[in-house]
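> Following this line is protein.cif, made up of mmCIF, C-alpha atoms:
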```cif
data_entry
#
loop_
_atom_site.group_PDB
_atom_site.id
_atom_site.type_symbol
_atom_site.label_atom_id
_atom_site.label_comp_id
_atom_site.auth_asym_id
_atom_site.auth_seq_id
_atom_site.Cartn_x
_atom_site.Cartn_y
_atom_site.Cartn_z
ATOM 1 C CA MET A 1 -45.690 -15.489 36.026
ATOM 2 C CA LYS A 2 -45.832 -12.584 38.424
ATOM 3 C CA VAL A 3 -42.731 -10.375 38.394
ATOM 4 C CA ASN A 4 -41.486 -9.033 41.719
ATOM 5 C CA THR A 5 -39.963 -5.604 42.273
ATOM 6 C CA GLU A 6 -36.429 -6.993 42.511
ATOM 7 C CA GLU A 7 -36.712 -8.561 39.050
ATOM 8 C CA LEU A 8 -38.235 -5.381 37.667
ATOM 9 C CA ALA A 9 -35.460 -3.238 39.169
ATOM 10 C CA LEU A 10 -32.810 -5.528 37.669
ATOM 11 C CA PHE A 11 -34.483 -5.296 34.268
ATOM 12 C CA PHE A 12 -34.573 -1.483 34.334
ATOM 13 C CA LYS A 13 -30.976 -1.423 35.552
ATOM 14 C CA MET A 14 -29.975 -2.708 32.110
ATOM 15 C CA PHE A 15 -31.205 0.592 30.650
ATOM 16 C CA SER A 16 -29.334 2.756 33.176
ATOM 17 C CA ASP A 17 -25.932 2.385 31.521
ATOM 18 C CA GLU A 18 -25.171 4.769 28.637
ATOM 19 C CA THR A 19 -23.008 2.184 26.859
ATOM 20 C CA ARG A 20 -25.763 -0.415 26.946
ATOM 21 C CA LEU A 21 -28.297 2.165 25.778
ATOM 22 C CA LYS A 22 -26.147 3.016 22.748
ATOM 23 C CA ILE A 23 -26.048 -0.668 21.862
ATOM 24 C CA ILE A 24 -29.785 -1.117 22.417
ATOM 25 C CA GLU A 25 -30.633 1.946 20.321
ATOM 26 C CA ALA A 26 -28.479 0.682 17.449
ATOM 27 C CA LEU A 27 -30.087 -2.761 17.632
ATOM 28 C CA VAL A 28 -33.583 -1.262 17.638
ATOM 29 C CA ILE A 29 -32.818 -0.057 14.107
ATOM 30 C CA LYS A 30 -31.263 -3.233 12.713
ATOM 31 C CA GLU A 31 -29.322 -6.410 13.351
ATOM 32 C CA PHE A 32 -25.521 -6.130 13.696
ATOM 33 C CA SER A 33 -22.518 -8.391 14.015
ATOM 34 C CA VAL A 34 -20.234 -7.591 16.949
ATOM 35 C CA ASN A 35 -17.702 -5.932 14.632
ATOM 36 C CA GLU A 36 -20.349 -3.806 12.920
ATOM 37 C CA LEU A 37 -21.899 -2.870 16.246
ATOM 38 C CA ALA A 38 -18.532 -1.875 17.733
ATOM 39 C CA GLU A 39 -17.975 0.425 14.781
ATOM 40 C CA GLU A 40 -21.529 1.802 14.956
ATOM 41 C CA VAL A 41 -21.261 2.768 18.648
ATOM 42 C CA ASN A 42 -17.561 3.712 18.424
ATOM 43 C CA MET A 43 -16.365 1.223 21.048
ATOM 44 C CA SER A 44 -13.922 -1.642 21.171
ATOM 45 C CA GLN A 45 -15.132 -5.080 20.164
ATOM 46 C CA THR A 46 -14.228 -6.359 23.645
ATOM 47 C CA ALA A 47 -16.345 -3.701 25.372
ATOM 48 C CA VAL A 48 -19.305 -4.365 23.069
ATOM 49 C CA SER A 49 -19.025 -8.134 23.552
ATOM 50 C CA TYR A 50 -19.017 -7.691 27.323
ATOM 51 C CA GLN A 51 -22.152 -5.520 27.249
ATOM 52 C CA LEU A 52 -23.881 -7.859 24.797
ATOM 53 C CA ARG A 53 -23.349 -10.760 27.190
ATOM 54 C CA ILE A 54 -25.040 -8.775 29.976
ATOM 55 C CA LEU A 55 -27.909 -7.777 27.682
ATOM 56 C CA ARG A 56 -28.277 -11.332 26.389
ATOM 57 C CA ASP A 57 -28.394 -12.751 29.919
ATOM 58 C CA SER A 58 -31.157 -10.225 30.701
ATOM 59 C CA HIS A 59 -33.156 -11.246 27.585
ATOM 60 C CA ILE A 60 -32.876 -7.782 26.064
ATOM 61 C CA VAL A 61 -30.923 -8.923 23.027
ATOM 62 C CA LYS A 62 -30.750 -12.217 21.189
ATOM 63 C CA TYR A 63 -28.294 -13.647 18.706
ATOM 64 C CA ARG A 64 -28.172 -15.943 15.730
ATOM 65 C CA LYS A 65 -25.231 -17.682 14.138
ATOM 66 C CA ASP A 66 -24.610 -17.657 10.426
ATOM 67 C CA ALA A 67 -21.573 -19.834 9.705
ATOM 68 C CA GLN A 68 -18.709 -18.096 11.558
ATOM 69 C CA ASN A 69 -20.635 -14.858 12.154
ATOM 70 C CA VAL A 70 -22.847 -13.995 15.108
ATOM 71 C CA PHE A 71 -25.559 -11.380 14.646
ATOM 72 C CA TYR A 72 -27.362 -9.569 17.457
ATOM 73 C CA SER A 73 -30.813 -8.023 17.527
ATOM 74 C CA ILE A 74 -33.398 -6.859 20.051
ATOM 75 C CA ASP A 75 -35.028 -9.826 21.795
ATOM 76 C CA ASP A 76 -38.604 -8.679 21.097
ATOM 77 C CA GLU A 77 -40.723 -5.664 20.240
ATOM 78 C CA HIS A 78 -41.272 -4.773 23.909
ATOM 79 C CA ILE A 79 -37.696 -3.476 24.184
ATOM 80 C CA SER A 80 -38.156 -1.141 21.214
ATOM 81 C CA TYR A 81 -41.471 -0.019 22.661
ATOM 82 C CA LEU A 82 -39.902 0.842 26.044
ATOM 83 C CA ILE A 83 -37.142 2.877 24.403
ATOM 84 C CA ASN A 84 -39.618 4.773 22.221
ATOM 85 C CA VAL A 85 -42.003 5.484 25.112
ATOM 86 C CA ALA A 86 -39.133 6.781 27.267
ATOM 87 C CA LYS A 87 -37.992 9.074 24.445
ATOM 88 C CA ARG A 88 -41.501 10.440 23.936
ATOM 89 C CA HIS A 89 -41.849 11.006 27.666
ATOM 90 C CA LEU A 90 -38.617 13.002 27.796
ATOM 91 C CA GLU A 91 -39.530 15.005 24.697
ATOM 92 C CA GLU A 92 -42.831 16.023 26.312
ATOM 93 C CA GLU A 93 -40.973 17.518 29.276
ATOM 94 C CA ASP A 94 -39.441 20.250 27.088
#
```
Since I need it in another form, could you write the structure as structure tokens?

Amino acid sequence: MKVNTEELALFFKMFSDETRLKIIEALVIKEFSVNELAEEVNMSQTAVSYQLRILRDSHIVKYRKDAQNVFYSIDDEHISYLINVAKRHLEEED
């Protein structure tokens, strides 16, 4: 499937929000429940849930249910790779 520039721009837009980036960076390290993630990024559970829905719809994060709990993680290794490459790029500019 060939990706057009509009789809690519929408994908990168997900990384342009500081709140979403905090969530993504936390999930790169490990899987979290919504409550744990809200505590980790120092945000309300409602705000985290809202951002997770956006990230899930964009296939950046995925979830799994375990009884009554829902756990979130990065959708695949490409997301972690993009974050790490961007960090290295910015570190090289110094």
> Find the residues near A:Lys62: any atom within 10 Å, counting all atoms listed in the file, skip ones fewer than 5 places away on the same chain, and give them as a ChimeraX atom specification.
/A:31,52-53,55-57,71-76
> Could you work out how far atom CA of A:Arg64 lies from atom CA of A:Phe15, giving the answer in Å with one decimal?
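So the two atoms, atom CA of A:Phe15 and atom CA of A:Arg64, lie 22.5 Å apart.
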> Expressed in Å to a single decimal, how great is the separation between atom CA of A:Ile60 and atom CA of A:Glu77?
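Between these atoms lies a distance of 10.0 Å.
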> Distance atom CA of A:Glu25-atom CA of A:Asp66, one decimal place?
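Value for the atom CA of A:Glu25-atom CA of A:Asp66 distance: 22.8 Å.
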> Do you know which residues are at most 9 Å from A:Ile79 counting all atoms listed in the file, after dropping those on the same chain fewer than 6 positions away, and could you put them as number ranges by chain?
A: 24, 28, 60-61
> Go ahead and write the residues just picked, C-alpha atoms, as a PDB file, in the coordinates of the input.

```pdb
ATOM      1  CA  ILE A  24     -29.785  -1.117  22.417  1.00  0.00           C
ATOM      2  CA  VAL A  28     -33.583  -1.262  17.638  1.00  0.00           C
ATOM      3  CA  ILE A  60     -32.876  -7.782  26.064  1.00  0.00           C
ATOM      4  CA  VAL A  61     -30.923  -8.923  23.027  1.00  0.00           C
TER       5      VAL A  61
END
```
> Take the PyMOL selection byres ((chain A and resi 33) around 8), apply it to the structure above, and return the hits as a list in words.
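What the PyMOL selection byres ((chain A and resi 33) around 8) grabs from the file is Glu31, Phe32, Val34, Asn35, Glu36, Leu37, Asn69, Val70, Phe71 and Tyr72 of chain A.
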